[in-house]
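Here's coords_4.pdb, which has PDB, C-alpha atoms, pLDDT in the B column:
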ATOM      1  CA  MET A   1      -0.982 -10.583  -4.895  1.00 49.00           C
ATOM      2  CA  ASN A   2      -4.097 -11.394  -6.925  1.00 50.00           C
ATOM      3  CA  GLU A   3      -6.176  -8.965  -8.986  1.00 53.00           C
ATOM      4  CA  GLN A   4      -8.740  -8.354  -6.222  1.00 49.00           C
ATOM      5  CA  SER A   5      -5.994  -7.398  -3.804  1.00 55.00           C
ATOM      6  CA  GLN A   6      -5.157  -4.470  -6.099  1.00 63.00           C
ATOM      7  CA  LYS A   7      -8.644  -2.958  -6.146  1.00 67.00           C
ATOM      8  CA  PHE A   8     -10.349  -0.800  -3.540  1.00 69.00           C
ATOM      9  CA  PRO A   9     -11.727  -1.889  -1.071  1.00 74.00           C
ATOM     10  CA  PHE A  10      -8.584  -3.890  -0.646  1.00 80.00           C
ATOM     11  CA  GLU A  11      -8.549  -7.522   0.347  1.00 85.00           C
ATOM     12  CA  LEU A  12      -6.556  -7.976   3.542  1.00 89.00           C
ATOM     13  CA  ASP A  13      -3.067  -9.168   2.750  1.00 91.00           C
ATOM     14  CA  PRO A  14      -1.595 -11.179   5.627  1.00 94.00           C
ATOM     15  CA  VAL A  15       1.944 -10.032   4.829  1.00 94.00           C
ATOM     16  CA  ILE A  16       0.951  -6.354   4.861  1.00 95.00           C
ATOM     17  CA  GLU A  17      -1.007  -6.887   8.096  1.00 96.00           C
ATOM     18  CA  VAL A  18       2.213  -8.083   9.761  1.00 96.00           C
ATOM     19  CA  TYR A  19       4.051  -4.972   8.551  1.00 96.00           C
ATOM     20  CA  LYS A  20       1.296  -2.726   9.958  1.00 97.00           C
ATOM     21  CA  LYS A  21       2.224  -3.754  13.500  1.00 96.00           C
ATOM     22  CA  ASP A  22       5.589  -2.017  13.128  1.00 95.00           C
ATOM     23  CA  VAL A  23       4.320   1.293  11.756  1.00 97.00           C
ATOM     24  CA  ASP A  24       4.686   4.164  14.230  1.00 96.00           C
ATOM     25  CA  GLN A  25       1.160   5.508  13.948  1.00 97.00           C
ATOM     26  CA  THR A  26       1.890   8.513  16.140  1.00 97.00           C
ATOM     27  CA  LEU A  27       4.011   9.886  13.251  1.00 97.00           C
ATOM     28  CA  LEU A  28       1.056   9.513  10.890  1.00 97.00           C
ATOM     29  CA  ASP A  29      -1.271  11.309  13.298  1.00 97.00           C
ATOM     30  CA  GLU A  30       1.208  14.175  13.624  1.00 97.00           C
ATOM     31  CA  ASN A  31       1.585  14.442   9.831  1.00 97.00           C
ATOM     32  CA  LEU A  32      -2.165  14.538   9.345  1.00 97.00           C
ATOM     33  CA  LYS A  33      -2.293  17.666  11.490  1.00 97.00           C
ATOM     34  CA  LEU A  34      -0.098  19.454   8.901  1.00 98.00           C
ATOM     35  CA  THR A  35      -1.081  21.009   5.589  1.00 98.00           C
ATOM     36  CA  VAL A  36       0.145  19.349   2.375  1.00 98.00           C
ATOM     37  CA  GLU A  37       2.767  22.090   1.966  1.00 98.00           C
ATOM     38  CA  GLU A  38       3.987  21.624   5.538  1.00 98.00           C
ATOM     39  CA  ARG A  39       4.332  17.869   4.939  1.00 98.00           C
ATOM     40  CA  ILE A  40       6.535  18.450   1.883  1.00 98.00           C
ATOM     41  CA  ILE A  41       8.654  21.062   3.684  1.00 97.00           C
ATOM     42  CA  LYS A  42       9.105  18.523   6.487  1.00 97.00           C
ATOM     43  CA  LEU A  43      10.170  15.926   3.890  1.00 97.00           C
ATOM     44  CA  MET A  44      12.815  18.324   2.495  1.00 97.00           C
ATOM     45  CA  ARG A  45      14.142  18.955   6.020  1.00 97.00           C
ATOM     46  CA  LEU A  46      14.358  15.192   6.551  1.00 96.00           C
ATOM     47  CA  GLN A  47      16.273  14.839   3.285  1.00 96.00           C
ATOM     48  CA  ARG A  48      18.732  17.522   4.402  1.00 96.00           C
ATOM     49  CA  PHE A  49      19.201  15.778   7.741  1.00 96.00           C
ATOM     50  CA  ALA A  50      19.787  12.409   6.013  1.00 95.00           C
ATOM     51  CA  GLU A  51      22.415  14.031   3.776  1.00 94.00           C
ATOM     52  CA  GLU A  52      24.186  15.487   6.812  1.00 95.00           C
ATOM     53  CA  LEU A  53      24.228  12.061   8.462  1.00 96.00           C
ATOM     54  CA  GLN A  54      25.633  10.458   5.309  1.00 94.00           C
ATOM     55  CA  LYS A  55      28.318  13.147   5.122  1.00 94.00           C
ATOM     56  CA  ALA A  56      29.250  12.604   8.771  1.00 96.00           C
ATOM     57  CA  GLY A  57      29.456   8.857   8.124  1.00 96.00           C
ATOM     58  CA  ARG A  58      31.746   9.352   5.124  1.00 95.00           C
ATOM     59  CA  GLU A  59      34.020  11.666   7.130  1.00 95.00           C
ATOM     60  CA  LEU A  60      34.172   9.186   9.991  1.00 95.00           C
ATOM     61  CA  ARG A  61      35.141   6.337   7.653  1.00 95.00           C
ATOM     62  CA  ALA A  62      37.802   8.527   6.029  1.00 94.00           C
ATOM     63  CA  ARG A  63      39.383   9.201   9.448  1.00 92.00           C
ATOM     64  CA  GLN A  64      39.485   5.521  10.415  1.00 87.00           C
TER      65      GLN A  64
ATOM     66  CA  MET B   1      18.025  17.013  -1.518  1.00 89.00           C
ATOM     67  CA  THR B   2      15.295  17.501  -4.092  1.00 93.00           C
ATOM     68  CA  ASP B   3      13.928  21.023  -4.020  1.00 96.00           C
ATOM     69  CA  PHE B   4      10.220  20.334  -4.444  1.00 97.00           C
ATOM     70  CA  GLU B   5       9.478  23.976  -3.662  1.00 96.00           C
ATOM     71  CA  GLN B   6      11.255  25.012  -6.871  1.00 97.00           C
ATOM     72  CA  PHE B   7      10.617  21.935  -9.000  1.00 97.00           C
ATOM     73  CA  LEU B   8       6.835  21.743  -8.764  1.00 98.00           C
ATOM     74  CA  PRO B   9       6.218  25.422  -9.642  1.00 98.00           C
ATOM     75  CA  LEU B  10       8.602  25.062 -12.617  1.00 98.00           C
ATOM     76  CA  LEU B  11       6.556  22.124 -13.904  1.00 98.00           C
ATOM     77  CA  THR B  12       3.198  23.814 -13.469  1.00 98.00           C
ATOM     78  CA  GLY B  13       4.530  27.156 -14.712  1.00 98.00           C
ATOM     79  CA  ALA B  14       5.583  25.486 -17.957  1.00 98.00           C
ATOM     80  CA  GLY B  15       2.069  24.116 -18.372  1.00 98.00           C
ATOM     81  CA  ILE B  16       3.266  20.515 -18.105  1.00 98.00           C
ATOM     82  CA  GLU B  17       0.527  17.950 -17.569  1.00 98.00           C
ATOM     83  CA  PHE B  18       1.683  15.545 -14.873  1.00 98.00           C
ATOM     84  CA  ILE B  19       0.582  13.585 -11.818  1.00 98.00           C
ATOM     85  CA  VAL B  20       2.721  13.290  -8.688  1.00 98.00           C
ATOM     86  CA  ILE B  21       3.103   9.663  -7.636  1.00 97.00           C
ATOM     87  CA  GLY B  22       5.496   7.611  -5.496  1.00 96.00           C
ATOM     88  CA  GLY B  23       7.039   8.706  -2.235  1.00 96.00           C
ATOM     89  CA  VAL B  24       6.144  12.382  -2.574  1.00 98.00           C
ATOM     90  CA  ALA B  25       2.502  11.451  -3.189  1.00 98.00           C
ATOM     91  CA  ALA B  26       2.708   9.218  -0.110  1.00 98.00           C
ATOM     92  CA  ASN B  27       4.018  12.183   1.914  1.00 98.00           C
ATOM     93  CA  VAL B  28       1.228  14.359   0.554  1.00 98.00           C
ATOM     94  CA  HIS B  29      -1.210  11.833   2.049  1.00 98.00           C
ATOM     95  CA  GLY B  30       0.593  11.831   5.404  1.00 98.00           C
ATOM     96  CA  SER B  31       3.363   9.252   5.083  1.00 98.00           C
ATOM     97  CA  ALA B  32       6.337   9.733   7.389  1.00 97.00           C
ATOM     98  CA  ARG B  33       8.752   7.861   5.118  1.00 96.00           C
ATOM     99  CA  LEU B  34      11.771   9.522   3.551  1.00 96.00           C
ATOM    100  CA  THR B  35      11.948   9.693  -0.218  1.00 95.00           C
ATOM    101  CA  GLN B  36      14.741  11.240  -2.248  1.00 93.00           C
ATOM    102  CA  ASP B  37      13.260  11.927  -5.649  1.00 95.00           C
ATOM    103  CA  LEU B  38      10.203  13.365  -7.329  1.00 97.00           C
ATOM    104  CA  ASP B  39       8.264  10.806  -9.376  1.00 97.00           C
ATOM    105  CA  ILE B  40       5.782  12.099 -11.897  1.00 98.00           C
ATOM    106  CA  VAL B  41       3.717  10.471 -14.622  1.00 98.00           C
ATOM    107  CA  TYR B  42       3.602  12.862 -17.567  1.00 98.00           C
ATOM    108  CA  ARG B  43       1.155  13.026 -20.453  1.00 98.00           C
ATOM    109  CA  ARG B  44       2.737  11.775 -23.654  1.00 98.00           C
ATOM    110  CA  THR B  45       1.338  14.240 -26.156  1.00 98.00           C
ATOM    111  CA  ASP B  46       3.775  16.016 -28.470  1.00 98.00           C
ATOM    112  CA  GLU B  47       2.833  19.352 -26.906  1.00 98.00           C
ATOM    113  CA  ASN B  48       3.565  18.100 -23.428  1.00 98.00           C
ATOM    114  CA  LEU B  49       6.859  16.497 -24.455  1.00 98.00           C
ATOM    115  CA  ASN B  50       7.927  19.855 -25.894  1.00 98.00           C
ATOM    116  CA  ARG B  51       6.932  21.653 -22.692  1.00 98.00           C
ATOM    117  CA  ILE B  52       8.982  19.189 -20.630  1.00 98.00           C
ATOM    118  CA  VAL B  53      12.026  19.609 -22.865  1.00 98.00           C
ATOM    119  CA  GLN B  54      11.789  23.406 -22.709  1.00 98.00           C
ATOM    120  CA  MET B  55      11.432  23.398 -18.938  1.00 98.00           C
ATOM    121  CA  MET B  56      14.118  20.776 -18.253  1.00 98.00           C
ATOM    122  CA  THR B  57      16.823  21.874 -20.713  1.00 97.00           C
ATOM    123  CA  PRO B  58      18.123  24.813 -18.600  1.00 97.00           C
ATOM    124  CA  LEU B  59      18.555  22.352 -15.718  1.00 97.00           C
ATOM    125  CA  ASN B  60      20.942  20.181 -17.782  1.00 95.00           C
ATOM    126  CA  PRO B  61      19.299  16.911 -16.782  1.00 97.00           C
ATOM    127  CA  TYR B  62      21.504  13.826 -16.830  1.00 96.00           C
ATOM    128  CA  LEU B  63      20.754  10.124 -16.524  1.00 96.00           C
ATOM    129  CA  ARG B  64      20.978   9.242 -12.850  1.00 95.00           C
ATOM    130  CA  GLY B  65      23.636   6.649 -12.114  1.00 92.00           C
ATOM    131  CA  ALA B  66      25.145   6.813 -15.597  1.00 92.00           C
ATOM    132  CA  PRO B  67      28.890   7.328 -15.855  1.00 91.00           C
ATOM    133  CA  PRO B  68      29.863  10.935 -16.530  1.00 86.00           C
ATOM    134  CA  GLY B  69      30.554  11.845 -20.132  1.00 88.00           C
ATOM    135  CA  LEU B  70      27.844   9.788 -21.808  1.00 89.00           C
ATOM    136  CA  PRO B  71      26.208  11.715 -24.623  1.00 88.00           C
ATOM    137  CA  PHE B  72      22.734  12.508 -23.313  1.00 92.00           C
ATOM    138  CA  LYS B  73      20.392  15.258 -24.296  1.00 94.00           C
ATOM    139  CA  LEU B  74      16.791  15.417 -23.176  1.00 96.00           C
ATOM    140  CA  ASP B  75      15.294  16.649 -26.427  1.00 97.00           C
ATOM    141  CA  PHE B  76      11.992  15.944 -28.134  1.00 98.00           C
ATOM    142  CA  GLU B  77      13.338  12.931 -30.046  1.00 97.00           C
ATOM    143  CA  THR B  78      14.791  11.394 -26.885  1.00 97.00           C
ATOM    144  CA  MET B  79      11.481  11.829 -25.084  1.00 97.00           C
ATOM    145  CA  LYS B  80       9.542  10.482 -28.041  1.00 97.00           C
ATOM    146  CA  ARG B  81      11.724   7.362 -28.331  1.00 97.00           C
ATOM    147  CA  GLY B  82      11.930   6.718 -24.601  1.00 96.00           C
ATOM    148  CA  LEU B  83       9.274   6.339 -21.937  1.00 97.00           C
ATOM    149  CA  ASN B  84      10.656   6.484 -18.418  1.00 97.00           C
ATOM    150  CA  PHE B  85      13.608   8.724 -17.537  1.00 97.00           C
ATOM    151  CA  THR B  86      15.423   8.702 -14.200  1.00 97.00           C
ATOM    152  CA  LEU B  87      17.230  12.025 -14.106  1.00 97.00           C
ATOM    153  CA  THR B  88      19.420  14.082 -11.873  1.00 97.00           C
ATOM    154  CA  THR B  89      19.417  17.887 -11.956  1.00 97.00           C
ATOM    155  CA  PRO B  90      20.796  20.690  -9.768  1.00 96.00           C
ATOM    156  CA  LEU B  91      17.342  20.877  -8.155  1.00 97.00           C
ATOM    157  CA  GLY B  92      17.466  17.192  -7.284  1.00 96.00           C
ATOM    158  CA  ASP B  93      16.427  13.871  -8.723  1.00 97.00           C
ATOM    159  CA  VAL B  94      13.306  13.470 -10.799  1.00 98.00           C
ATOM    160  CA  ASP B  95      11.746  10.450 -12.477  1.00 97.00           C
ATOM    161  CA  LEU B  96       9.727  11.324 -15.563  1.00 98.00           C
ATOM    162  CA  LEU B  97       7.489   8.322 -16.128  1.00 98.00           C
ATOM    163  CA  GLY B  98       5.367   7.756 -19.185  1.00 98.00           C
ATOM    164  CA  GLU B  99       3.853   4.673 -17.629  1.00 96.00           C
ATOM    165  CA  ILE B 100       4.023   2.773 -14.347  1.00 94.00           C
ATOM    166  CA  ALA B 101       3.622  -0.918 -13.586  1.00 86.00           C
ATOM    167  CA  GLY B 102       0.129  -1.620 -12.354  1.00 81.00           C
ATOM    168  CA  GLY B 103      -0.983   1.941 -13.022  1.00 86.00           C
ATOM    169  CA  GLY B 104      -0.655   2.641 -16.710  1.00 93.00           C
ATOM    170  CA  ASN B 105      -0.195   6.069 -18.206  1.00 97.00           C
ATOM    171  CA  TYR B 106      -1.342   9.625 -17.447  1.00 98.00           C
ATOM    172  CA  GLU B 107      -4.820   9.108 -18.899  1.00 98.00           C
ATOM    173  CA  ASN B 108      -5.291   5.893 -16.892  1.00 97.00           C
ATOM    174  CA  LEU B 109      -4.318   7.615 -13.636  1.00 97.00           C
ATOM    175  CA  LEU B 110      -6.123  10.903 -14.204  1.00 97.00           C
ATOM    176  CA  PRO B 111      -9.552   9.767 -12.868  1.00 97.00           C
ATOM    177  CA  ASP B 112      -7.868   8.747  -9.611  1.00 96.00           C
ATOM    178  CA  SER B 113      -5.961  11.984  -9.119  1.00 98.00           C
ATOM    179  CA  VAL B 114      -6.684  14.835  -6.764  1.00 98.00           C
ATOM    180  CA  THR B 115      -5.713  18.486  -6.979  1.00 98.00           C
ATOM    181  CA  ILE B 116      -3.346  19.593  -4.256  1.00 98.00           C
ATOM    182  CA  GLU B 117      -2.266  23.125  -3.368  1.00 97.00           C
ATOM    183  CA  LEU B 118       1.238  23.904  -2.199  1.00 97.00           C
ATOM    184  CA  PHE B 119       3.937  26.518  -2.798  1.00 97.00           C
ATOM    185  CA  SER B 120       1.295  28.792  -4.350  1.00 96.00           C
ATOM    186  CA  ILE B 121       0.522  26.345  -7.157  1.00 97.00           C
ATOM    187  CA  ARG B 122      -2.001  23.617  -7.880  1.00 98.00           C
ATOM    188  CA  CYS B 123      -1.031  20.249  -9.273  1.00 98.00           C
ATOM    189  CA  LEU B 124      -2.368  16.722  -9.544  1.00 98.00           C
ATOM    190  CA  CYS B 125      -1.433  13.958  -7.141  1.00 98.00           C
ATOM    191  CA  LEU B 126      -2.483  10.328  -7.248  1.00 97.00           C
ATOM    192  CA  ASN B 127      -5.139   9.600  -4.644  1.00 97.00           C
ATOM    193  CA  LEU B 128      -4.411   7.320  -1.734  1.00 97.00           C
ATOM    194  CA  GLU B 129      -6.500   4.370  -2.936  1.00 95.00           C
ATOM    195  CA  ARG B 130      -4.804   4.281  -6.349  1.00 95.00           C
ATOM    196  CA  LEU B 131      -1.374   4.839  -4.843  1.00 96.00           C
ATOM    197  CA  ILE B 132      -1.882   1.744  -2.703  1.00 95.00           C
ATOM    198  CA  ALA B 133      -3.276  -0.183  -5.679  1.00 94.00           C
ATOM    199  CA  THR B 134      -0.249   0.618  -7.860  1.00 93.00           C
ATOM    200  CA  LYS B 135       2.141  -0.423  -5.104  1.00 92.00           C
ATOM    201  CA  ARG B 136       0.174  -3.626  -4.508  1.00 92.00           C
ATOM    202  CA  ALA B 137       0.207  -4.343  -8.248  1.00 90.00           C
ATOM    203  CA  ALA B 138       3.949  -3.798  -8.479  1.00 87.00           C
ATOM    204  CA  GLY B 139       4.353  -6.520  -5.827  1.00 86.00           C
ATOM    205  CA  ARG B 140       7.825  -5.382  -4.767  1.00 89.00           C
ATOM    206  CA  PRO B 141       8.923  -6.485  -1.291  1.00 91.00           C
ATOM    207  CA  LYS B 142      10.559  -3.065  -0.782  1.00 91.00           C
ATOM    208  CA  ASP B 143       7.058  -1.524  -0.912  1.00 93.00           C
ATOM    209  CA  PHE B 144       5.514  -3.702   1.823  1.00 95.00           C
ATOM    210  CA  GLU B 145       6.319  -1.264   4.656  1.00 96.00           C
ATOM    211  CA  SER B 146       5.050   1.621   2.588  1.00 97.00           C
ATOM    212  CA  ILE B 147       1.806  -0.184   1.690  1.00 97.00           C
ATOM    213  CA  ALA B 148       1.217  -0.964   5.363  1.00 97.00           C
ATOM    214  CA  GLU B 149       1.646   2.699   6.271  1.00 98.00           C
ATOM    215  CA  LEU B 150      -0.569   3.907   3.405  1.00 98.00           C
ATOM    216  CA  GLU B 151      -3.328   1.475   4.334  1.00 97.00           C
ATOM    217  CA  LEU B 152      -3.251   2.753   7.909  1.00 97.00           C
ATOM    218  CA  LEU B 153      -3.578   6.293   6.533  1.00 97.00           C
ATOM    219  CA  LEU B 154      -6.487   5.160   4.367  1.00 96.00           C
ATOM    220  CA  SER B 155      -8.221   3.607   7.368  1.00 94.00           C
ATOM    221  CA  ARG B 156      -8.061   7.036   9.056  1.00 92.00           C
ATOM    222  CA  GLN B 157      -9.759   8.598   6.014  1.00 87.00           C
ATOM    223  CA  THR B 158     -12.519   6.006   5.790  1.00 79.00           C
ATOM    224  CA  SER B 159     -13.242   5.464   9.491  1.00 72.00           C
TER     225      SER B 159
END

Turn the structure described in the file into structure tokens.
Amino acid sequence: MNEQSQKFPFELDPVIEVYKKDVDQTLLDENLKLTVEERIIKLMRLQRFAEELQKAGRELRARQ
Amino acid sequence: MTDFEQFLPLLTGAGIEFIVIGGVAANVHGSARLTQDLDIVYRRTDENLNRIVQMMTPLNPYLRGAPPGLPFKLDFETMKRGLNFTLTTPLGDVDLLGEIAGGGNYENLLPDSVTIELFSIRCLCLNLERLIATKRAAGRPKDFESIAELELLLSRQTS
């Protein structure tokens, strides 16, 4: 990326434009309805859930 | 899990000058992406280094990913000699960054920071434009998805 691409307003980057097509924008719209504190509490809940999934995965592998 | 609800008030309560960056800053601006650690850029004055040491010492911070048993103590001399510290604590993982690629240090980022209010405290967070700019400057493929999401969030702010 060149210097101009790092300054606002940003130059369109064709690679990033491709990635934008796969972003679930409904999640962004839902987050924007929350306060900053609610967004961070949601992030902590997501972390907890990810840890539970990892734990379940480890236990499954140990049983196999 | 990183307990942001405890960590951030500890930092502000100790009078530490810092700016929230990285994935937590992205979430502050509305990102839906999971991040595990708290990344902050801290001001590298002697006073601030002392405040960080005093606040962090009771948490027994240790170098994340380092084998157990290595002699590590986050004291003033360690902070003075080093710059960026990736640490693990009982409250979760925290990256104390003196400088970031494409962003510079605390003073460089300060004009592009915004005050946020959460958990009954106020702290500084990098604004969305600068967050995108630092990620663009870093040029890491792992950030492409994040940049795309942040730019979509920015388009909602500016439209």

Excluding Asn127 of chain B and any residue of its chain fewer than 6 positions from it, enumerate the residues within 9 Å of it, using all atoms listed in the file, and give them as a PDB file with C-alpha atoms, in the frame of the given file.
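Now in selection.pdb:
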ATOM      1  CA  ILE B  21       3.103   9.663  -7.636  1.00 97.00           C
ATOM      2  CA  ALA B  25       2.502  11.451  -3.189  1.00 98.00           C
ATOM      3  CA  HIS B  29      -1.210  11.833   2.049  1.00 98.00           C
ATOM      4  CA  ASP B 112      -7.868   8.747  -9.611  1.00 96.00           C
ATOM      5  CA  SER B 113      -5.961  11.984  -9.119  1.00 98.00           C
ATOM      6  CA  VAL B 114      -6.684  14.835  -6.764  1.00 98.00           C
TER       7      VAL B 114
END

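From atom CA of Glu51 of chain A back to atom CA of Glu151 of chain B, the distance works out to 28.6 Å.
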
Compile the residues of chain B that lie within 10 Å of chain A, evaluated using only C-alpha atoms, and express the compilation as a ChimeraX atom specification.
-> /B:1-5,23-25,27-37,102,116-120,129-130,132-139,141,143-153,156

- Task: Given the file shown, enumerate the residues that the PyMOL selection byres ((chain B and resi 61-67) around 12) captures and present them as JSON, numbers by chain.
- Result: {"B": [37, 52, 53, 54, 55, 56, 57, 58, 59, 60, 68, 69, 70, 71, 72, 73, 74, 75, 84, 85, 86, 87, 88, 89, 90, 91, 92, 93, 94, 95, 96]}

Take every atom of segment 132-146 of chain B listed in the file, pad by 4 Å on each side, and give me the axis-aligned box centre and edge lengths in Å, one decimal, as JSON.
{"center_x": 3.6, "center_y": -2.4, "center_z": -1.9, "size_x": 21.8, "size_y": 16.3, "size_z": 21.1}

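Atom CA of Pro14 of chain A sits 28.2 Å away from atom CA of Cys125 of chain B.
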
ask   = How many Å separate atom CA of Phe76 of chain B from atom CA of Arg122 of chain B?
value =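 Taking atom CA of Phe76 of chain B as the start and atom CA of Arg122 of chain B as the end point, the length is 25.8 Å.
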
Open item on the list: Show me, as an NGL selection string, the residues that have an atom within 8 Å of Ile121 of chain B when counting all atoms listed in the file, minus same-chain residues fewer than 5 positions from it.
Closed with: :B and (8-9 or 12)

I need the residue set behind the PyMOL selection byres ((chain B and resi 98) around 9) for this file; please write it as a list in words.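 Applied to this file, the PyMOL selection byres ((chain B and resi 98) around 9) returns Ile40, Val41, Tyr42, Arg43, Arg44, Gly82, Leu83, Asn84, Phe85, Leu96, Leu97, Glu99, Ile100, Gly104, Asn105 and Tyr106 of chain B.
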